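Colleague: First the structure, which I've put down as structure tokens, then a few questions once you've had a look.
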Amino acid sequence: MRKAYDIGFGVSEQELVIDELSLNGKLPEWIEGTLLRNGPGTFKAGDQNYRHWFDGLAMLHKFTFRGGKVSYANKYLECNAYREAMDKGKIAYSEFATDPCYSLFDRVKEVFDPQFTDSAKVNVGELHGKFVALGEPSLQVEFDPETLKSVGVFAYDGKVKQHVTTVHPHIHNDEIINLTTRFGRVSNYRFMKLEREQSPELVAKQRVKEPAYIHSFGMSPNYLILTEYPFVVNPLSILFHAKPFIENFKWKPERGTKIYIFDRHTGELVKKTITDSFFAFHHVNAFEQNGELIFDIVAYPDPEIIDSFYLDRIRAEDQVLPGGEIRRYRLNPTGNGGVDYEILSDEGIELPRFDYDSLNMDGSYQYIYSIGINKSKKNSFYDQIVKTDLKSGKSKVWSEENCFPGEPVFLPDPAGKKEDDGVNLSVVLDEANGNSFLLVLDSSSFTEIARATIPQPVLFGYHGNFYNNI
């Protein structure tokens, strides 16, 4: 087993507060603010091991840039799943692909009171001034961005208890929209809108017999895009908890992929169409041009990528991790006709980012930044950062021997004139040295500007965001 996998899917030994990290290189003077990241802090509870990359107990990471220096802090997310795991020395709550070891009594109790995790480990967001750790369970965890201490829970849907929410809310002006799924005899997808000082508002809903696993959705100026992959579940399996959450879902490619288009302003379902079966975690961007609705998405032929993230498969090293392909789908949102797509790059990627603040819902955007897989090495985990030019289809790559980067968060240069004037921030696990560093890449040339070294490893995580106001 590679040392990197042992470290990256291991245990964070310490919660740290470091006023100044060791820095190689020089930071641009304009970088002022804080990068907040989320992801697992441990894949063990006592002597028990979590099974999947999407399991584990959440840990927040904070990198603050001030006066050309970088400070760092990390802290486990204070939630019931973490507290009980520490108190009992074992896995206490059901995670994405791991259940606790239940006794017969516990199994019966679980039917009537399912203990789904509140370890919100996937993303972070600022929702009308509240900083929130985002996960797919029904409650998100609000935290103090200065101390990283939890301060309460947050729900998108105040009237109806949702069971799953996406971890990628869309934020536009003063409006936040997210998609929740309610499991029941009659299940529903529900688009919820949050406006400052207002109660949550239902924007659109769609009844569904077998809900799909949906990690994100698309939004354009006038439409909401619900892409329902044929990876679906009998809702009773979720409610009565027959297996770990994701193992209740079944791949039914004969259903095809259903695409629902809702009017963003009225909530009306304006189009439903079916295309060939595929699977995806991440919508990238959506926009409207010449009467067409266009959306970009990182797609796979099936949900095999989920199985590829079981830790025993990653550690076996004999698998080749599937790479997602950037597809551009086109359809007429109100007229006849189906949907077509083209592939925009031949690189296999995941965790896509772009200049969301400036170019969300704007069809002129040109660059996507992501992690990817070196095809010549065929590692079983992501080992490079990729910049994709959507107009030419060409890519630039950053990689370093025995290094495993995380999601590259784009930060635009406020004085920049081109879309790629800025930097990308990525937390990289350094296998040789047994720790991690924060890499600062020039987004245009895709060359290193600086790196800030962390004295311990940061486990393989998922998403984060940069905030100028912290």
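Chain lettering (A, B, ...) mirrors the order of the structure tokens, residue numbering begins at 1 for each chain separately, and ligand numbering begins at 1 in order of display.
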Segment 134-292 of chain A: which residues are alpha helix (DSSP H) by DSSP, as a compact mmCIF listing (two decimals) with C-alpha atoms, in the first residue's frame?

Modeller:
# COMPACT_ATOMS: atom_id res chain seq x y z
CA PRO A 235 -37.39 5.20 -0.45
CA LEU A 236 -38.46 2.52 2.04
CA SER A 237 -34.89 1.18 1.92
CA ILE A 238 -33.67 4.55 3.15
CA LEU A 239 -36.40 4.99 5.74

Colleague: Check the DSSP output for the backbone and give back, as a PyMOL selection string, the residues of segment 235-466 of chain A in strand (DSSP E or B).

Modeller: chain A and resi 250-251+257-263+269-275+279-289+292-300+310+324-331+339-343+349-353+367-372+384-389+395-398+403-405+409-412+422-430+435-442+448-454+464-466

Colleague: Segment 371-469 of chain A near segment 120-129 of chain A within 10 Å: what's each residue's closest atom pair and its distance in Å to one decimal, counting only C-alpha atoms, ordered by chain then ascending residue number, as a Markdown table?

Modeller:
| residue | atom | partner | partner_atom | distance |
| --- | --- | --- | --- | --- |
| A:Gly461 | CA | A:Val122 | CA | 7.7 |
| A:Tyr462 | CA | A:Val122 | CA | 5.9 |
| A:His463 | CA | A:Asn123 | CA | 4.8 |
| A:Gly464 | CA | A:Asn123 | CA | 5.8 |
| A:Asn465 | CA | A:Val124 | CA | 6.8 |
| A:Phe466 | CA | A:Gly125 | CA | 9.7 |
| A:Tyr467 | CA | A:Glu126 | CA | 8.7 |

Colleague: Give the answer as one residue: which of A:Tyr341, A:Gly67, A:Met86, A:Ser395 has the shortest atom-to-atom distance to Trp30 of chain A, using only C-alpha atoms?

Modeller: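 Of the candidates, the smallest distance to Trp30 of chain A is held by A:Gly67.
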
Colleague: Using only C-alpha atoms, find each residue of segment 33-108 of chain A with at least one atom at most 10 Å away from an atom of segment 14-25 of chain A; report its shortest atom-to-atom pair and that distance in Å (one decimal), sort the rows by chain and rising residue number, and return the result as JSON lines.

Modeller:
{"residue": "A:Gly41", "atom": "CA", "partner": "A:Glu15", "partner_atom": "CA", "distance": 9.7}
{"residue": "A:Met59", "atom": "CA", "partner": "A:Glu15", "partner_atom": "CA", "distance": 9.3}
{"residue": "A:Leu60", "atom": "CA", "partner": "A:Glu15", "partner_atom": "CA", "distance": 9.9}
{"residue": "A:His61", "atom": "CA", "partner": "A:Leu16", "partner_atom": "CA", "distance": 9.6}
{"residue": "A:Lys62", "atom": "CA", "partner": "A:Val17", "partner_atom": "CA", "distance": 9.4}
{"residue": "A:Phe63", "atom": "CA", "partner": "A:Leu21", "partner_atom": "CA", "distance": 9.4}
{"residue": "A:Thr64", "atom": "CA", "partner": "A:Asp19", "partner_atom": "CA", "distance": 9.2}
{"residue": "A:Phe65", "atom": "CA", "partner": "A:Glu20", "partner_atom": "CA", "distance": 9.6}
{"residue": "A:Arg66", "atom": "CA", "partner": "A:Glu20", "partner_atom": "CA", "distance": 9.8}
{"residue": "A:Gly68", "atom": "CA", "partner": "A:Leu23", "partner_atom": "CA", "distance": 9.4}
{"residue": "A:Lys69", "atom": "CA", "partner": "A:Glu20", "partner_atom": "CA", "distance": 6.4}
{"residue": "A:Val70", "atom": "CA", "partner": "A:Glu20", "partner_atom": "CA", "distance": 5.5}
{"residue": "A:Ser71", "atom": "CA", "partner": "A:Glu20", "partner_atom": "CA", "distance": 4.5}
{"residue": "A:Tyr72", "atom": "CA", "partner": "A:Ile18", "partner_atom": "CA", "distance": 5.2}
{"residue": "A:Ala73", "atom": "CA", "partner": "A:Val17", "partner_atom": "CA", "distance": 4.4}
{"residue": "A:Asn74", "atom": "CA", "partner": "A:Glu15", "partner_atom": "CA", "distance": 5.4}
{"residue": "A:Lys75", "atom": "CA", "partner": "A:Glu15", "partner_atom": "CA", "distance": 5.3}
{"residue": "A:Tyr76", "atom": "CA", "partner": "A:Glu15", "partner_atom": "CA", "distance": 7.5}

Colleague: Write a file of the just-selected residues containing C-alpha atoms, as a PDB file, in the first residue's frame.

Modeller:
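Resulting contents of part-v1.pdb:
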ATOM      1  CA  GLY A  41     -10.331  14.372   9.850  1.00  0.00           C
ATOM      2  CA  MET A  59     -12.666  18.447  10.090  1.00  0.00           C
ATOM      3  CA  LEU A  60     -12.512  22.142   9.194  1.00  0.00           C
ATOM      4  CA  HIS A  61      -9.293  23.806   7.988  1.00  0.00           C
ATOM      5  CA  LYS A  62      -8.582  27.521   7.963  1.00  0.00           C
ATOM      6  CA  PHE A  63      -5.782  29.292   6.048  1.00  0.00           C
ATOM      7  CA  THR A  64      -5.662  33.054   6.604  1.00  0.00           C
ATOM      8  CA  PHE A  65      -3.583  35.354   4.369  1.00  0.00           C
ATOM      9  CA  ARG A  66      -2.395  38.631   5.919  1.00  0.00           C
ATOM     10  CA  GLY A  68       2.238  38.160   2.823  1.00  0.00           C
ATOM     11  CA  LYS A  69       1.993  35.503   5.563  1.00  0.00           C
ATOM     12  CA  VAL A  70      -0.272  32.475   6.062  1.00  0.00           C
ATOM     13  CA  SER A  71      -1.690  31.238   9.376  1.00  0.00           C
ATOM     14  CA  TYR A  72      -3.407  27.879   9.858  1.00  0.00           C
ATOM     15  CA  ALA A  73      -5.905  26.186  12.174  1.00  0.00           C
ATOM     16  CA  ASN A  74      -7.838  22.949  12.045  1.00  0.00           C
ATOM     17  CA  LYS A  75     -10.617  21.556  14.206  1.00  0.00           C
ATOM     18  CA  TYR A  76     -12.961  18.593  14.207  1.00  0.00           C
TER      19      TYR A  76
END

Colleague: Taking 6 positions as the minimum chain separation for residues in the same chain, which residues sit within 7 Å of segment 365-381 of chain A when counting only C-alpha atoms? Answer as a ChimeraX atom specification.

Modeller: /A:314,317,319-321,323,348-354,359,387-391,406-408

Colleague: Save out the residues we just selected, N, CA and C atoms, as a compact mmCIF listing (two decimals), in the first residue's frame.

Modeller:
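Listed below is the output, selection21.txt:
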# COMPACT_ATOMS: atom_id res chain seq x y z
N ILE A 314 -9.00 1.65 -3.28
CA ILE A 314 -7.95 2.65 -3.50
C ILE A 314 -6.60 2.11 -3.02
N GLU A 317 -4.43 -0.39 -5.17
CA GLU A 317 -3.56 0.23 -6.19
C GLU A 317 -3.62 -0.42 -7.57
N GLN A 319 -6.36 -0.78 -9.32
CA GLN A 319 -7.45 -0.22 -10.10
C GLN A 319 -6.98 1.08 -10.75
N VAL A 320 -7.62 1.43 -11.84
CA VAL A 320 -7.41 2.73 -12.48
C VAL A 320 -8.64 3.56 -12.18
N LEU A 321 -8.44 4.68 -11.50
CA LEU A 321 -9.57 5.52 -11.10
C LEU A 321 -10.23 6.13 -12.33
N GLY A 323 -11.92 8.73 -14.69
CA GLY A 323 -11.91 10.19 -14.76
C GLY A 323 -13.20 10.69 -15.39
N GLY A 348 -9.34 13.35 -17.84
CA GLY A 348 -10.23 12.83 -16.82
C GLY A 348 -10.11 13.66 -15.56
N ILE A 349 -11.21 14.28 -15.13
CA ILE A 349 -11.13 15.26 -14.04
C ILE A 349 -12.21 15.02 -12.99
N GLU A 350 -12.10 15.78 -11.88
CA GLU A 350 -13.15 15.84 -10.86
C GLU A 350 -12.93 17.11 -10.02
N LEU A 351 -13.92 17.43 -9.19
CA LEU A 351 -13.92 18.64 -8.35
C LEU A 351 -13.66 19.90 -9.18
N PRO A 352 -14.52 20.20 -10.15
CA PRO A 352 -14.29 21.34 -11.04
C PRO A 352 -14.58 22.67 -10.36
N ARG A 353 -13.76 23.67 -10.66
CA ARG A 353 -13.95 25.04 -10.19
C ARG A 353 -13.76 26.00 -11.36
N PHE A 354 -14.36 27.19 -11.24
CA PHE A 354 -14.11 28.27 -12.20
C PHE A 354 -14.36 29.58 -11.46
N LEU A 359 -18.50 34.72 -13.26
CA LEU A 359 -18.92 34.10 -14.52
C LEU A 359 -19.97 33.01 -14.36
N LYS A 387 -5.92 22.50 -15.65
CA LYS A 387 -6.60 23.70 -16.15
C LYS A 387 -7.08 23.40 -17.56
N THR A 388 -8.38 23.44 -17.77
CA THR A 388 -8.96 23.10 -19.07
C THR A 388 -9.45 24.36 -19.77
N ASP A 389 -9.01 24.55 -21.00
CA ASP A 389 -9.48 25.63 -21.85
C ASP A 389 -10.68 25.09 -22.64
N LEU A 390 -11.88 25.57 -22.32
CA LEU A 390 -13.09 25.04 -22.95
C LEU A 390 -13.20 25.40 -24.42
N LYS A 391 -12.51 26.47 -24.84
CA LYS A 391 -12.60 26.88 -26.24
C LYS A 391 -11.69 26.05 -27.14
N GLY A 406 -5.46 18.53 -3.76
CA GLY A 406 -6.90 18.62 -3.59
C GLY A 406 -7.49 19.67 -4.50
N GLU A 407 -8.78 19.85 -4.39
CA GLU A 407 -9.53 20.79 -5.22
C GLU A 407 -8.82 22.15 -5.32
N PRO A 408 -8.62 22.67 -6.54
CA PRO A 408 -7.95 23.97 -6.71
C PRO A 408 -8.95 25.13 -6.71

Colleague: Extract, using only C-alpha atoms, all DNA, RNA and protein residues at most 9 Å from Arg255 of chain A, discarding same-chain residues fewer than 5 positions from it, and format them as a ChimeraX atom specification.

Modeller: /A:229-230,274,276-277

Colleague: Find the residues near Thr275 of chain A: any atom within 8 Å, counting only C-alpha atoms, skip ones fewer than 4 places away on the same chain, and give them as a PDB file with N, CA and C atoms, in the first residue's frame.

Modeller:
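See out38.pdb below for the written result:
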ATOM      1  N   GLY A 256     -32.727   5.549 -18.514  1.00  0.00           N
ATOM      2  CA  GLY A 256     -32.147   6.750 -19.085  1.00  0.00           C
ATOM      3  C   GLY A 256     -31.975   7.825 -18.028  1.00  0.00           C
ATOM      4  N   THR A 257     -31.421   8.965 -18.425  1.00  0.00           N
ATOM      5  CA  THR A 257     -31.267  10.108 -17.525  1.00  0.00           C
ATOM      6  C   THR A 257     -32.352  11.125 -17.837  1.00  0.00           C
ATOM      7  N   LYS A 258     -33.156  11.435 -16.828  1.00  0.00           N
ATOM      8  CA  LYS A 258     -34.243  12.397 -17.001  1.00  0.00           C
ATOM      9  C   LYS A 258     -33.749  13.796 -16.641  1.00  0.00           C
ATOM     10  N   ILE A 259     -34.054  14.751 -17.476  1.00  0.00           N
ATOM     11  CA  ILE A 259     -33.666  16.139 -17.230  1.00  0.00           C
ATOM     12  C   ILE A 259     -34.937  16.965 -17.086  1.00  0.00           C
ATOM     13  N   GLY A 338     -35.006  17.017 -28.153  1.00  0.00           N
ATOM     14  CA  GLY A 338     -34.366  16.422 -26.992  1.00  0.00           C
ATOM     15  C   GLY A 338     -33.141  17.198 -26.577  1.00  0.00           C
ATOM     16  N   VAL A 339     -32.112  16.449 -26.204  1.00  0.00           N
ATOM     17  CA  VAL A 339     -30.895  17.053 -25.693  1.00  0.00           C
ATOM     18  C   VAL A 339     -29.696  16.411 -26.363  1.00  0.00           C
TER      19      VAL A 339
END

Colleague: Give me the residues near Leu441 of chain A as a list in words, where near means some atom within 10 Å (using only C-alpha atoms) and where sequence neighbours in that chain fewer than 2 positions away do not count.

Modeller: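 Listing them by chain and then by number gives Ile385, Trp398, Pro408, Phe410, Gly422, Val423, Asn424, Leu425, Ser426, Leu438, Leu439, Ser443, Ser444, Ser445, Phe446, Thr447, Glu448, Ile449, Ala450 and Arg451 of chain A.
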
Colleague: Choose the residue, out of A:Val153, A:Leu139, A:Leu202, A:Ala299, that has the smallest atom-to-atom separation from Thr165 of chain A; count only C-alpha atoms.

Modeller: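 For Thr165 of chain A, the nearest of the candidates is A:Leu139.
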
Colleague: What does the distance between atom CA of Ile294 of chain A and atom CA of Thr227 of chain A come to in Å, to one decimal place?

Modeller: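 Straight-line distance from atom CA of Ile294 of chain A to atom CA of Thr227 of chain A works out to 12.9 Å.
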